[in-house]
Structure formats: C-alpha cells, structure tokens
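**Q** Structure supplied as input-v2.pdb; contents: PDB, C-alpha atoms.
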ATOM      1  CA  MET A 126     -17.532 -27.328  -1.287
ATOM      2  CA  ALA A 127     -14.271 -26.771  -3.170
ATOM      3  CA  ASN A 128     -13.330 -29.457  -5.680
ATOM      4  CA  VAL A 129      -9.658 -29.525  -4.644
ATOM      5  CA  ARG A 130      -7.303 -32.413  -3.801
ATOM      6  CA  PRO A 131      -6.864 -32.887  -0.054
ATOM      7  CA  LEU A 132      -3.366 -32.036   1.165
ATOM      8  CA  SER A 133      -1.172 -34.102   3.453
ATOM      9  CA  GLU A 134      -1.064 -32.930   7.060
ATOM     10  CA  GLU A 135       2.376 -31.334   6.543
ATOM     11  CA  LEU A 136       1.352 -29.567   3.320
ATOM     12  CA  GLN A 137      -1.914 -28.384   4.896
ATOM     13  CA  LYS A 138       0.065 -26.686   7.688
ATOM     14  CA  ASN A 139       2.252 -24.997   5.084
ATOM     15  CA  ALA A 140      -0.790 -23.933   3.048
ATOM     16  CA  GLU A 141      -2.382 -22.426   6.146
ATOM     17  CA  ALA A 142       0.869 -20.528   6.786
ATOM     18  CA  LEU A 143       0.321 -18.977   3.324
ATOM     19  CA  GLY A 144      -3.143 -17.841   4.420
ATOM     20  CA  GLU A 145      -5.316 -20.812   3.444
ATOM     21  CA  VAL A 146      -8.389 -21.238   5.649
ATOM     22  CA  PRO A 147     -10.019 -24.556   4.690
ATOM     23  CA  ALA A 148     -13.479 -23.411   5.815
ATOM     24  CA  ARG A 149     -13.192 -20.332   3.575
ATOM     25  CA  LEU A 150     -11.642 -21.968   0.511
ATOM     26  CA  ALA A 151     -14.928 -22.468  -1.365
ATOM     27  CA  ASP A 152     -15.836 -18.787  -0.821
ATOM     28  CA  ASP A 153     -12.396 -17.614  -1.978
ATOM     29  CA  LEU A 154     -12.688 -19.696  -5.160
ATOM     30  CA  ALA A 155     -16.234 -18.446  -5.744
ATOM     31  CA  ALA A 156     -15.006 -14.842  -5.464
ATOM     32  CA  LEU A 157     -12.306 -15.511  -8.082
ATOM     33  CA  LYS A 158     -14.801 -17.163 -10.442
ATOM     34  CA  GLU A 159     -17.251 -14.291 -10.094
ATOM     35  CA  TRP A 160     -14.486 -11.791 -10.853
ATOM     36  CA  ILE A 161     -13.468 -13.791 -13.957
ATOM     37  CA  ARG A 162     -17.108 -13.932 -15.086
ATOM     38  CA  GLN A 163     -17.298 -10.128 -14.916
ATOM     39  CA  GLN A 164     -14.207  -9.555 -17.091
ATOM     40  CA  PRO A 165     -15.379  -9.062 -20.691
ATOM     41  CA  HIS A 166     -11.890  -9.610 -22.142
ATOM     42  CA  LEU A 167     -10.937 -12.747 -20.181
ATOM     43  CA  ARG A 168     -11.650 -16.408 -21.001
ATOM     44  CA  ALA A 169     -10.011 -18.327 -18.166
ATOM     45  CA  ASN A 170      -9.938 -21.858 -16.822
ATOM     46  CA  THR A 171     -12.212 -21.779 -13.774
ATOM     47  CA  ASP A 172     -11.579 -25.287 -12.426
ATOM     48  CA  ASP A 173     -11.099 -25.177  -8.661
ATOM     49  CA  GLN A 174      -7.797 -27.053  -8.760
ATOM     50  CA  PHE A 175      -6.359 -24.616 -11.294
ATOM     51  CA  LEU A 176      -7.529 -21.517  -9.421
ATOM     52  CA  VAL A 177      -6.343 -22.681  -5.996
ATOM     53  CA  ALA A 178      -2.786 -22.718  -7.364
ATOM     54  CA  PHE A 179      -3.064 -18.952  -7.910
ATOM     55  CA  LEU A 180      -4.455 -18.385  -4.415
ATOM     56  CA  ARG A 181      -1.619 -20.396  -2.852
ATOM     57  CA  GLY A 182       1.015 -18.809  -5.091
ATOM     58  CA  CYS A 183      -0.224 -15.344  -4.107
ATOM     59  CA  LYS A 184      -0.504 -16.167  -0.383
ATOM     60  CA  TYR A 185      -4.273 -15.710  -0.549
ATOM     61  CA  SER A 186      -4.225 -12.118  -1.743
ATOM     62  CA  LEU A 187      -7.281 -12.126  -4.006
ATOM     63  CA  GLU A 188      -6.103  -8.977  -5.786
ATOM     64  CA  ARG A 189      -2.680 -10.458  -6.574
ATOM     65  CA  ALA A 190      -4.318 -13.715  -7.704
ATOM     66  CA  LYS A 191      -6.620 -11.775 -10.060
ATOM     67  CA  ALA A 192      -3.655  -9.892 -11.518
ATOM     68  CA  LYS A 193      -1.692 -13.117 -12.072
ATOM     69  CA  ILE A 194      -4.623 -14.918 -13.702
ATOM     70  CA  ASP A 195      -5.170 -11.979 -16.039
ATOM     71  CA  LYS A 196      -1.444 -11.772 -16.920
ATOM     72  CA  PHE A 197      -1.261 -15.575 -17.354
ATOM     73  CA  PHE A 198      -3.945 -15.662 -20.037
ATOM     74  CA  THR A 199      -2.935 -12.305 -21.529
ATOM     75  CA  LEU A 200       0.619 -13.472 -22.236
ATOM     76  CA  LYS A 201      -0.546 -16.877 -23.481
ATOM     77  CA  SER A 202      -2.790 -15.075 -25.997
ATOM     78  CA  LYS A 203      -0.147 -12.528 -27.006
ATOM     79  CA  PHE A 204       2.727 -15.018 -27.318
ATOM     80  CA  PRO A 205       1.225 -18.489 -27.927
ATOM     81  CA  GLU A 206       4.400 -19.648 -29.661
ATOM     82  CA  ILE A 207       6.158 -19.424 -26.257
ATOM     83  CA  PHE A 208       3.491 -19.921 -23.598
ATOM     84  CA  SER A 209       0.491 -21.738 -25.061
ATOM     85  CA  ALA A 210       0.853 -25.265 -26.402
ATOM     86  CA  THR A 211      -2.435 -26.701 -27.652
ATOM     87  CA  ASP A 212      -1.168 -29.866 -29.369
ATOM     88  CA  VAL A 213       1.219 -31.807 -27.151
ATOM     89  CA  ASN A 214       1.028 -34.723 -29.612
ATOM     90  CA  ASP A 215       2.716 -32.683 -32.328
ATOM     91  CA  PRO A 216       5.821 -34.674 -33.386
ATOM     92  CA  LYS A 217       8.152 -31.688 -33.064
ATOM     93  CA  PHE A 218       6.801 -30.899 -29.583
ATOM     94  CA  ARG A 219       7.416 -34.499 -28.452
ATOM     95  CA  ASP A 220      10.852 -34.622 -30.061
ATOM     96  CA  ILE A 221      11.907 -31.550 -28.094
ATOM     97  CA  PHE A 222      10.351 -32.902 -24.908
ATOM     98  CA  ARG A 223      12.107 -36.273 -25.216
ATOM     99  CA  LEU A 224      15.500 -34.578 -25.310
ATOM    100  CA  GLY A 225      14.977 -34.200 -21.568
ATOM    101  CA  MET A 226      15.853 -30.544 -21.195
ATOM    102  CA  TRP A 227      13.185 -29.847 -18.553
ATOM    103  CA  LEU A 228      12.828 -32.386 -15.752
ATOM    104  CA  TYR A 229      10.924 -32.327 -12.460
ATOM    105  CA  LEU A 230      12.506 -34.738  -9.976
ATOM    106  CA  PRO A 231      10.112 -37.212  -8.332
ATOM    107  CA  THR A 232      10.963 -36.527  -4.672
ATOM    108  CA  PRO A 233      10.790 -32.974  -3.310
ATOM    109  CA  LEU A 234      13.639 -31.555  -1.241
ATOM    110  CA  ASN A 235      13.769 -33.147   2.229
ATOM    111  CA  GLU A 236      10.848 -35.417   1.198
ATOM    112  CA  ASN A 237       8.151 -32.755   1.672
ATOM    113  CA  GLY A 238       9.760 -29.426   0.717
ATOM    114  CA  PRO A 239       9.930 -27.559  -2.590
ATOM    115  CA  ARG A 240       9.812 -29.408  -5.918
ATOM    116  CA  LEU A 241      13.204 -29.707  -7.630
ATOM    117  CA  ALA A 242      13.459 -28.826 -11.325
ATOM    118  CA  ILE A 243      16.387 -29.314 -13.686
ATOM    119  CA  MET A 244      16.902 -27.458 -16.947
ATOM    120  CA  ARG A 245      19.690 -28.944 -19.093
ATOM    121  CA  SER A 246      20.472 -26.236 -21.606
ATOM    122  CA  GLY A 247      22.029 -26.996 -24.944
ATOM    123  CA  LEU A 248      20.662 -30.482 -25.632
ATOM    124  CA  TYR A 249      18.848 -29.357 -28.783
ATOM    125  CA  SER A 250      20.111 -28.470 -32.248
ATOM    126  CA  THR A 251      19.828 -24.744 -32.903
ATOM    127  CA  ASP A 252      19.626 -25.571 -36.620
ATOM    128  CA  LYS A 253      16.509 -27.649 -36.006
ATOM    129  CA  TYR A 254      14.601 -25.855 -33.236
ATOM    130  CA  THR A 255      14.003 -22.278 -32.103
ATOM    131  CA  ALA A 256      14.202 -21.032 -28.525
ATOM    132  CA  GLU A 257      10.460 -20.266 -28.715
ATOM    133  CA  GLU A 258       9.673 -23.905 -29.582
ATOM    134  CA  VAL A 259      11.826 -25.098 -26.701
ATOM    135  CA  MET A 260      10.179 -22.698 -24.246
ATOM    136  CA  GLN A 261       6.684 -23.715 -25.365
ATOM    137  CA  VAL A 262       7.482 -27.261 -24.241
ATOM    138  CA  ALA A 263       8.832 -25.937 -20.934
ATOM    139  CA  SER A 264       5.657 -23.849 -20.438
ATOM    140  CA  ALA A 265       3.422 -26.883 -21.010
ATOM    141  CA  LEU A 266       5.320 -28.978 -18.456
ATOM    142  CA  GLN A 267       5.115 -26.107 -15.984
ATOM    143  CA  GLU A 268       1.352 -25.917 -16.515
ATOM    144  CA  ILE A 269       1.022 -29.595 -15.622
ATOM    145  CA  LEU A 270       2.951 -28.817 -12.434
ATOM    146  CA  ILE A 271       0.459 -26.045 -11.614
ATOM    147  CA  LEU A 272      -2.419 -28.490 -12.074
ATOM    148  CA  GLU A 273      -1.154 -31.507 -10.164
ATOM    149  CA  ASP A 274       1.859 -30.828  -7.942
ATOM    150  CA  ASP A 275       0.850 -29.777  -4.438
ATOM    151  CA  TYR A 276       4.473 -29.595  -3.280
ATOM    152  CA  ALA A 277       5.265 -27.082  -6.025
ATOM    153  CA  ASN A 278       2.109 -25.053  -5.427
ATOM    154  CA  VAL A 279       2.463 -24.853  -1.645
ATOM    155  CA  ASN A 280       6.234 -25.015  -1.082
ATOM    156  CA  GLY A 281       7.537 -23.552  -4.346
ATOM    157  CA  VAL A 282      10.180 -24.748  -6.804
ATOM    158  CA  ILE A 283      13.979 -24.889  -6.650
ATOM    159  CA  PHE A 284      15.540 -24.625 -10.089
ATOM    160  CA  ILE A 285      18.861 -26.129 -11.201
ATOM    161  CA  GLY A 286      20.246 -24.924 -14.539
ATOM    162  CA  ASP A 287      22.855 -27.284 -16.028
ATOM    163  CA  PHE A 288      24.780 -25.545 -18.837
ATOM    164  CA  GLU A 289      27.321 -28.269 -19.621
ATOM    165  CA  LYS A 290      26.162 -28.620 -23.252
ATOM    166  CA  ALA A 291      25.254 -24.972 -23.868
ATOM    167  CA  THR A 292      26.992 -23.156 -26.727
ATOM    168  CA  MET A 293      27.008 -19.581 -27.957
ATOM    169  CA  ALA A 294      24.527 -20.663 -30.636
ATOM    170  CA  HIS A 295      22.052 -21.492 -27.841
ATOM    171  CA  PHE A 296      22.670 -18.240 -25.971
ATOM    172  CA  MET A 297      22.221 -16.220 -29.158
ATOM    173  CA  GLN A 298      18.738 -17.674 -29.691
ATOM    174  CA  PHE A 299      17.629 -16.241 -26.352
ATOM    175  CA  THR A 300      17.345 -12.602 -27.334
ATOM    176  CA  PRO A 301      16.853  -9.865 -24.718
ATOM    177  CA  SER A 302      13.239  -9.545 -25.891
ATOM    178  CA  LEU A 303      12.570 -13.265 -25.380
ATOM    179  CA  MET A 304      14.282 -13.259 -21.975
ATOM    180  CA  LYS A 305      12.150 -10.293 -20.899
ATOM    181  CA  LYS A 306       8.963 -12.136 -21.914
ATOM    182  CA  MET A 307      10.053 -15.239 -20.014
ATOM    183  CA  THR A 308      10.962 -13.226 -16.915
ATOM    184  CA  VAL A 309       7.669 -11.313 -16.861
ATOM    185  CA  PHE A 310       5.690 -14.531 -17.390
ATOM    186  CA  SER A 311       7.581 -16.302 -14.602
ATOM    187  CA  GLU A 312       7.310 -13.487 -12.058
ATOM    188  CA  GLU A 313       3.971 -11.880 -12.908
ATOM    189  CA  ALA A 314       1.852 -14.683 -14.391
ATOM    190  CA  VAL A 315       2.926 -18.112 -13.111
ATOM    191  CA  PRO A 316       1.652 -18.895  -9.599
ATOM    192  CA  LEU A 317       4.597 -21.150  -8.660
ATOM    193  CA  ARG A 318       7.003 -19.432  -6.260
ATOM    194  CA  PRO A 319      10.701 -19.811  -7.214
ATOM    195  CA  LYS A 320      12.629 -20.458  -3.989
ATOM    196  CA  ALA A 321      16.140 -20.541  -5.505
ATOM    197  CA  SER A 322      17.955 -20.921  -8.828
ATOM    198  CA  HIS A 323      21.304 -22.731  -8.971
ATOM    199  CA  PHE A 324      23.455 -22.604 -12.105
ATOM    200  CA  ILE A 325      26.056 -25.336 -12.638
ATOM    201  CA  LYS A 326      28.642 -26.295 -15.269
ATOM    202  CA  THR A 327      28.480 -22.782 -16.699
ATOM    203  CA  PRO A 328      30.622 -22.064 -19.800
ATOM    204  CA  ALA A 329      32.787 -19.005 -20.446
ATOM    205  CA  GLY A 330      29.990 -17.178 -22.315
ATOM    206  CA  PHE A 331      27.517 -17.525 -19.441
ATOM    207  CA  GLU A 332      28.502 -14.499 -17.365
ATOM    208  CA  PRO A 333      27.536 -11.686 -19.803
ATOM    209  CA  VAL A 334      24.227 -13.435 -20.482
ATOM    210  CA  PHE A 335      23.572 -13.853 -16.760
ATOM    211  CA  ASN A 336      24.465 -10.209 -16.099
ATOM    212  CA  MET A 337      21.957  -9.096 -18.727
ATOM    213  CA  ILE A 338      19.127 -11.273 -17.411
ATOM    214  CA  LYS A 339      19.622 -10.529 -13.717
ATOM    215  CA  PRO A 340      18.428  -6.868 -13.780
ATOM    216  CA  MET A 341      15.181  -7.988 -15.459
ATOM    217  CA  MET A 342      14.272  -9.882 -12.294
ATOM    218  CA  SER A 343      12.817  -8.580  -9.038
ATOM    219  CA  GLU A 344      15.271  -7.787  -6.261
ATOM    220  CA  LYS A 345      13.915 -10.698  -4.235
ATOM    221  CA  GLN A 346      14.579 -13.171  -7.065
ATOM    222  CA  GLN A 347      18.028 -11.716  -7.752
ATOM    223  CA  LYS A 348      18.997 -12.649  -4.180
ATOM    224  CA  ARG A 349      17.940 -16.246  -4.886
ATOM    225  CA  LEU A 350      20.344 -16.747  -7.808
ATOM    226  CA  PHE A 351      23.504 -18.812  -7.223
ATOM    227  CA  VAL A 352      26.202 -19.502  -9.817
ATOM    228  CA  HIS A 353      28.314 -22.519  -8.814
ATOM    229  CA  GLY A 354      30.294 -23.041 -12.029
ATOM    230  CA  ASN A 355      31.847 -26.510 -11.887
ATOM    231  CA  LYS A 356      31.753 -26.669  -8.080
ATOM    232  CA  MET A 357      29.184 -29.419  -7.557
ATOM    233  CA  ASP A 358      30.109 -29.447  -3.856
ATOM    234  CA  ALA A 359      28.622 -25.953  -3.599
ATOM    235  CA  LEU A 360      25.326 -27.221  -5.031
ATOM    236  CA  ILE A 361      25.332 -30.253  -2.718
ATOM    237  CA  LYS A 362      25.659 -27.952   0.298
ATOM    238  CA  GLU A 363      22.303 -26.477  -0.713
ATOM    239  CA  ILE A 364      20.665 -29.657  -2.039
ATOM    240  CA  PRO A 365      21.881 -32.912  -0.415
ATOM    241  CA  LEU A 366      23.191 -35.414  -2.970
ATOM    242  CA  LYS A 367      20.388 -37.955  -2.420
ATOM    243  CA  TYR A 368      17.850 -35.432  -3.772
ATOM    244  CA  LEU A 369      19.742 -35.043  -7.058
ATOM    245  CA  PRO A 370      19.195 -37.421 -10.009
ATOM    246  CA  LYS A 371      21.212 -40.621 -10.476
ATOM    247  CA  GLU A 372      23.264 -38.996 -13.250
ATOM    248  CA  TYR A 373      24.617 -36.526 -10.657
ATOM    249  CA  GLY A 374      25.356 -39.336  -8.185
ATOM    250  CA  GLY A 375      22.054 -38.980  -6.337
ATOM    251  CA  GLU A 376      18.977 -41.147  -5.794
ATOM    252  CA  ASN A 377      16.174 -38.926  -7.107
ATOM    253  CA  GLY A 378      15.214 -40.709 -10.336
ATOM    254  CA  SER A 379      17.088 -41.007 -13.614
ATOM    255  CA  PHE A 380      16.659 -38.759 -16.616
ATOM    256  CA  ASP A 381      15.269 -41.607 -18.748
ATOM    257  CA  GLU A 382      12.771 -42.637 -16.038
ATOM    258  CA  ILE A 383      11.523 -39.088 -15.606
ATOM    259  CA  ILE A 384      11.181 -38.548 -19.368
ATOM    260  CA  ALA A 385       9.189 -41.804 -19.706
ATOM    261  CA  GLU A 386       6.869 -40.837 -16.824
ATOM    262  CA  TRP A 387       6.219 -37.361 -18.197
ATOM    263  CA  ASP A 388       5.688 -38.724 -21.709
ATOM    264  CA  LYS A 389       2.687 -40.567 -20.238
ATOM    265  CA  LYS A 390       1.548 -37.402 -18.478
ATOM    266  CA  LEU A 391       1.523 -35.544 -21.800
ATOM    267  CA  ASP A 392      -0.650 -38.321 -23.262
ATOM    268  CA  ALA A 393      -3.051 -37.957 -20.330
ATOM    269  CA  TYR A 394      -3.199 -34.159 -20.670
ATOM    270  CA  SER A 395      -3.669 -34.137 -24.446
ATOM    271  CA  ASP A 396      -7.341 -33.103 -24.268
ATOM    272  CA  TYR A 397      -6.593 -30.516 -21.582
ATOM    273  CA  PHE A 398      -4.128 -28.726 -23.855
ATOM    274  CA  LYS A 399      -6.535 -28.857 -26.813
ATOM    275  CA  LYS A 400      -9.095 -27.134 -24.603
ATOM    276  CA  ASN A 401      -6.478 -24.469 -23.813
ATOM    277  CA  ALA A 402      -7.223 -23.013 -27.252
ATOM    278  CA  GLU A 403     -10.534 -21.751 -25.802
ATOM    279  CA  TYR A 404      -8.820 -19.654 -23.131
ATOM    280  CA  GLY A 405      -7.140 -16.290 -23.427
ATOM    281  CA  THR A 406      -7.870 -12.597 -23.661
ATOM    282  CA  ASP A 407      -9.362 -10.258 -26.243
ATOM    283  CA  GLU A 408      -7.578  -6.940 -25.801
ATOM    284  CA  LYS A 409     -10.281  -5.081 -27.754
ATOM    285  CA  LEU A 410     -12.713  -5.937 -24.936
ATOM    286  CA  ARG A 411     -10.398  -5.093 -22.024
ATOM    287  CA  PRO A 412     -11.970  -2.407 -19.818
ATOM    288  CA  GLY A 413      -9.870   0.627 -18.991
ATOM    289  CA  LYS A 414      -6.413   1.341 -20.352
ATOM    290  CA  ALA A 415      -5.001  -0.998 -22.995
ATOM    291  CA  ILE A 416      -1.772  -2.853 -22.208
ATOM    292  CA  ASP A 417       1.255  -1.274 -23.861
ATOM    293  CA  PHE A 418       3.085  -4.402 -24.962
ATOM    294  CA  ASP A 419       5.691  -2.394 -26.869
ATOM    295  CA  SER A 420       6.938  -0.664 -23.751
ATOM    296  CA  MET A 421       6.715  -3.865 -21.704
ATOM    297  CA  PHE A 422       8.708  -5.972 -24.176
ATOM    298  CA  GLY A 423      10.413  -3.394 -26.347
ATOM    299  CA  MET A 424      13.906  -4.813 -25.939
ATOM    300  CA  GLU A 425      15.314  -5.797 -29.287
ATOM    301  CA  GLY A 426      18.508  -7.379 -30.451
ATOM    302  CA  SER A 427      20.349 -10.500 -29.464
ATOM    303  CA  PHE A 428      23.445 -11.606 -27.640
ATOM    304  CA  ARG A 429      25.440 -10.996 -30.809
ATOM    305  CA  LYS A 430      25.753  -7.419 -29.544
ATOM    306  CA  LEU A 431      27.413  -8.562 -26.328
ATOM    307  CA  ASN A 432      31.133  -8.949 -25.874
ATOM    308  CA  VAL A 433      31.261 -12.636 -24.967
ATOM    309  CA  ASP A 434      34.905 -13.417 -25.615
TER     310      ASP A 434
END
Translate this structure into structure tokens?
**A**
Amino acid sequence: MANVRPLSEELQKNAEALGEVPARLADDLAALKEWIRQQPHLRANTDDQFLVAFLRGCKYSLERAKAKIDKFFTLKSKFPEIFSATDVNDPKFRDIFRLGMWLYLPTPLNENGPRLAIMRSGLYSTDKYTAEEVMQVASALQEILILEDDYANVNGVIFIGDFEKATMAHFMQFTPSLMKKMTVFSEEAVPLRPKASHFIKTPAGFEPVFNMIKPMMSEKQQKRLFVHGNKMDALIKEIPLKYLPKEYGGENGSFDEIIAEWDKKLDAYSDYFKKNAEYGTDEKLRPGKAIDFDSMFGMEGSFRKLNVD
C-alpha cells in the first residue's frame, strides 16, 4: 500500500483526471523506485509522498516522471548554490527568507483550485545578497510545497510577480545564464505545473528583461504569461480580490502571518534538508551519453548588455 496522504474528494477527482488510479498507485510508485534503484548515477529521495508529486505533475507518464526526477537531482548536484539548500537554519538563509520575497497564500484559488504564490522582487539588498542566495531560499520553499501541498501538486500553481521594489541592480544580478538555469529547472525538473504567471507593478526596465526571458520558456508557458503593469483591476479579473493577501486589499492572509507560519515550517523541515545532502547525481557513473552542461547553460553575460533606458 502506498504511504501517501489521502486526498479530499474534490482533489481525488482532479488527480484521477490526471491519470491517477488509486488501486494502481502502489505499483506505479514501486516501478519508479525500481527504476531509481537501477540508475548507478542517481541518489534520489524514494519516499512515496515525494515520488507521487512527480507522477501527478507528469500526468502519470512514468517516462516523463523518470526524466524529471533525474533532472531534479542532476541540477541540484550541478548547481547547489541555487537549487539545493541543506542548512535552512543558516542565519543568512533565514534573513533572506524573513524578507518575505516568496510567499504561498494559505487558501487556494476558489477554495480548492491552484495554489497562489507571490514573489515580491527587490526586497533584498544587492550589496548584501546574491541572486543565487535568494533563489536557493525560493527553491527550498518550493520543495516544501512539493512535499506537503496537495493543491499545488494536483491543481498546479498560479504565480504573481510583484516588482514594485525592483531596481536595475536587482535585474542585473539575474544574468541570462542564471535565468536559463531557473527556467530549465522549473520546466524540466520541478513537478509542480505552472498554470499562469501574472506580473504587476512592473518598472520601466522590466520589458527588456521580460523579452529576454520569454523565449527561454516553452510555447505553452509563454501563453500563460500576463503583464498587468499597475493595472490591479486586470489581475483581479483573473484572481478575485478575496484570494489576494490583506496588503492587496484581499482576505488571503497577511505577509507577516505567512512568514511566521513558514518560519515554523523551516524549523520542522530542518532535518529533511540536512538529509538532502545525501541525494544527487554522480555524472561519472551516468550510463550512456554525458550531459553537455555547457551547451545547455552556455549563455553568458548580464543585463548590463541590454538597452534598458
């Protein structure tokens, strides 16, 4: 029997629409575990609850789930400074987290739809922190979502990017190479399905950055990008006001409440992230053709080369 949290009746229907067959779940998980066991290069988390997120995120295609699991641990091993936090009690990690740049709102859209996520860019000092350090915190919070949020795993995530405080110094930290790594990790490694991305309060320098990032994404994801500028009414047409946080005039938690709740989550997951150090890949042991990371992430430079006036 699969050691997986039971879903609500509504979520179970949605999971079955993705291809989940409750009577077959244990066999599907066993097949994934056996495949992992046979991979000489791969040291992966084989907990049922972790693996079922990949099955749901890949609509029960075992081959796609295998590819995502491999890419997930490959990129965490190759770029731990971005994707693999192992000490969530590190003072710098907590300082970045407590700025409240990455927030998952407590109530999903329409009570039982996709999880709502807010990224408030520009809240950190670029003199004090790097973009990689900021993204490592974001990756850790996302991993908690994979482990415990059934709404996110079954129904996907709607992303809201708030750029009110963003400056050119922040944009310049996110080099084309870093953005490519983040895009590949999001689309090819993370099992959570992005349902839409809404960008609000965007500054003058946002458009050239956005136009550079957009082609890195799949055509499907490009169609799910919406830039609203300062038109909050446009966002509210897509996400009713009550599902936005109190700071936006809604009812879906306050920033301080969400930060305090997730601070406790990080305490609870401290040992989990320490154990993450055991997982990863050894490219010398990978069967077949080696991954050409240079061609995958060979974009160099920064936004200094862009005309952002």
**Q** What's the separation between atom CA of A:Gly247 and atom CA of A:Pro316, in Å to one decimal place?
**A**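 Separation of atom CA of A:Gly247 and atom CA of A:Pro316: 26.8 Å.
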**Q** Can you build me a table of stretch 356-388 of chain A residues sitting at most 7 Å from stretch 223-240 of chain A, with the closest atom pair per residue and its distance in Å to one decimal, using all atoms listed in the file, sorted by chain and residue number, as CSV?
**A**
residue,atom,partner,partner_atom,distance
A:Tyr368,CA,A:Leu234,CA,6.3
A:Asn377,CA,A:Thr232,CA,6.2
A:Gly378,CA,A:Pro231,CA,6.5
A:Phe380,CA,A:Gly225,CA,6.9
A:Ile383,CA,A:Leu228,CA,6.8
A:Ile384,CA,A:Gly225,CA,6.2
**Q** Given the file above and the PyMOL selection byres ((chain A and resi 194) around 9), which residues are selected, and can you give them as a PyMOL selection string?
**A** chain A and resi 161+169+176+179+189-193+195-199+314-316
**Q** Starting from the shown file, work through the PyMOL selection byres ((chain A and resi 201) around 12) and note down what comes out as a ChimeraX atom specification.
**A** /A:167-169,194-200,202-211,261,264-265,268,306-307,309-310,314-315,401-407
**Q** How far is it from atom CA of A:Phe331 to atom CA of A:Val282, in Å with one decimal?
**A**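 Atom CA of A:Val282 lies at a distance of 22.6 Å from atom CA of A:Phe331.
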**Q** Can you build me a table of stretch 280-361 of chain A residues sitting at most 12 Å from stretch 137-152 of chain A, with the closest atom pair per residue and its distance in Å to one decimal, using only C-alpha atoms, sorted by chain and residue number, as a tab-separated table?
**A**
residue	atom	partner	partner_atom	distance
A:Asn280	CA	A:Asn139	CA	7.3
A:Gly281	CA	A:Asn139	CA	10.9
A:Arg318	CA	A:Leu143	CA	11.7
**Q** Would you write out those residues with C-alpha atoms, as a PDB file, in the frame of the given file?
**A**
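The resulting result-v2.pdb:
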ATOM      1  CA  ASN A 280       6.234 -25.015  -1.082  1.00  0.00           C
ATOM      2  CA  GLY A 281       7.537 -23.552  -4.346  1.00  0.00           C
ATOM      3  CA  ARG A 318       7.003 -19.432  -6.260  1.00  0.00           C
TER       4      ARG A 318
END
**Q** So what do you get for atom CA of A:Ala277 versus atom CA of A:Leu241, distance-wise?
**A** 8.5 Å
**Q** Measuring between only C-alpha atoms, which one of A:Pro365, A:Pro319, A:Gly374, A:Pro301 shows the shortest distance to A:Met337?
**A**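 Nearest candidate to A:Met337 out of A:Pro365, A:Pro319, A:Gly374, A:Pro301: A:Pro301.
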**Q** Which is closer to A:Ser395 than all the others in A:Ala127, A:Leu266, A:Cys183, A:Ala329, using only C-alpha atoms?
**A**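 The closest residue to A:Ser395 is A:Leu266.
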**Q** Starting from the PyMOL selection byres ((chain A and resi 338) around 10), expand the selection into actual residues of this file and give them as a PyMOL selection string.
**A** chain A and resi 301+304-305+308+332-337+339-342+347
**Q** Take the residues from that selection and write them out as a short mmCIF file (atom, residue, chain, number, x, y, z; two decimals), keeping the file's coordinate frame, keeping C-alpha atoms.
**A**
data_model
loop_
_atom_site.label_atom_id
_atom_site.label_comp_id
_atom_site.auth_asym_id
_atom_site.auth_seq_id
_atom_site.Cartn_x
_atom_site.Cartn_y
_atom_site.Cartn_z
CA PRO A 301 16.85 -9.86 -24.72
CA MET A 304 14.28 -13.26 -21.98
CA LYS A 305 12.15 -10.29 -20.90
CA THR A 308 10.96 -13.23 -16.92
CA GLU A 332 28.50 -14.50 -17.36
CA PRO A 333 27.54 -11.69 -19.80
CA VAL A 334 24.23 -13.44 -20.48
CA PHE A 335 23.57 -13.85 -16.76
CA ASN A 336 24.46 -10.21 -16.10
CA MET A 337 21.96 -9.10 -18.73
CA LYS A 339 19.62 -10.53 -13.72
CA PRO A 340 18.43 -6.87 -13.78
CA MET A 341 15.18 -7.99 -15.46
CA MET A 342 14.27 -9.88 -12.29
CA GLN A 347 18.03 -11.72 -7.75
#
**Q** Taking (-0.6, -28.8, -4.1) in the file's coordinates as the center, which residues reach within 8 Å of it, counting only C-alpha atoms, put as a tab-separated table (two decimals) with C-alpha atoms, keeping the file's coordinate frame?
**A**
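Below is the file selection_38.tsv, written as the result:
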chain	number	residue	atom	x	y	z
A	130	ARG	CA	-7.30	-32.41	-3.80
A	132	LEU	CA	-3.37	-32.04	1.16
A	136	LEU	CA	1.35	-29.57	3.32
A	178	ALA	CA	-2.79	-22.72	-7.36
A	273	GLU	CA	-1.15	-31.51	-10.16
A	274	ASP	CA	1.86	-30.83	-7.94
A	275	ASP	CA	0.85	-29.78	-4.44
A	276	TYR	CA	4.47	-29.60	-3.28
A	277	ALA	CA	5.26	-27.08	-6.02
A	278	ASN	CA	2.11	-25.05	-5.43
A	279	VAL	CA	2.46	-24.85	-1.64
**Q** I'd like the box whose edges run along x, y and z of the file and which contains every listed atom of stretch 313-331 of chain A, padded by 6 Å per side; could you state its centre and edge lengths in Å, one decimal, as JSON?
**A**
{"center_x": 17.2, "center_y": -19.1, "center_z": -13.2, "size_x": 43.1, "size_y": 26.4, "size_z": 30.3}
**Q** Please identify all polymer residues within 12 Å of A:Tyr249, counting all atoms listed in the file, omitting same-chain residues fewer than 3 positions from it, and present them as a PyMOL selection string.
**A** chain A and resi 217+220-227+245-246+252-256+258-260+290-292+294-295+298
**Q** Have stretch 152-158 of chain A completed to N, CA, C and O atoms, please, and pass it along as a compact mmCIF listing (two decimals), in the coordinates of the input.
**A**
# COMPACT_ATOMS: atom_id res chain seq x y z
N ASP A 152 -15.44 -20.19 -0.62
CA ASP A 152 -15.84 -18.79 -0.82
C ASP A 152 -14.76 -18.02 -1.59
O ASP A 152 -15.07 -17.19 -2.45
N ASP A 153 -13.49 -18.29 -1.27
CA ASP A 153 -12.40 -17.61 -1.98
C ASP A 153 -12.42 -17.98 -3.46
O ASP A 153 -12.23 -17.12 -4.33
N LEU A 154 -12.63 -19.25 -3.76
CA LEU A 154 -12.69 -19.70 -5.16
C LEU A 154 -13.90 -19.10 -5.86
O LEU A 154 -13.82 -18.70 -7.02
N ALA A 155 -15.02 -19.03 -5.16
CA ALA A 155 -16.23 -18.45 -5.74
C ALA A 155 -16.02 -16.97 -6.08
O ALA A 155 -16.49 -16.48 -7.11
N ALA A 156 -15.29 -16.27 -5.21
CA ALA A 156 -15.01 -14.84 -5.46
C ALA A 156 -14.14 -14.68 -6.71
O ALA A 156 -14.39 -13.78 -7.53
N LEU A 157 -13.15 -15.57 -6.88
CA LEU A 157 -12.31 -15.51 -8.08
C LEU A 157 -13.13 -15.79 -9.34
O LEU A 157 -13.00 -15.10 -10.35
N LYS A 158 -13.98 -16.80 -9.28
CA LYS A 158 -14.80 -17.16 -10.44
C LYS A 158 -15.75 -16.03 -10.81
O LYS A 158 -15.97 -15.76 -12.00
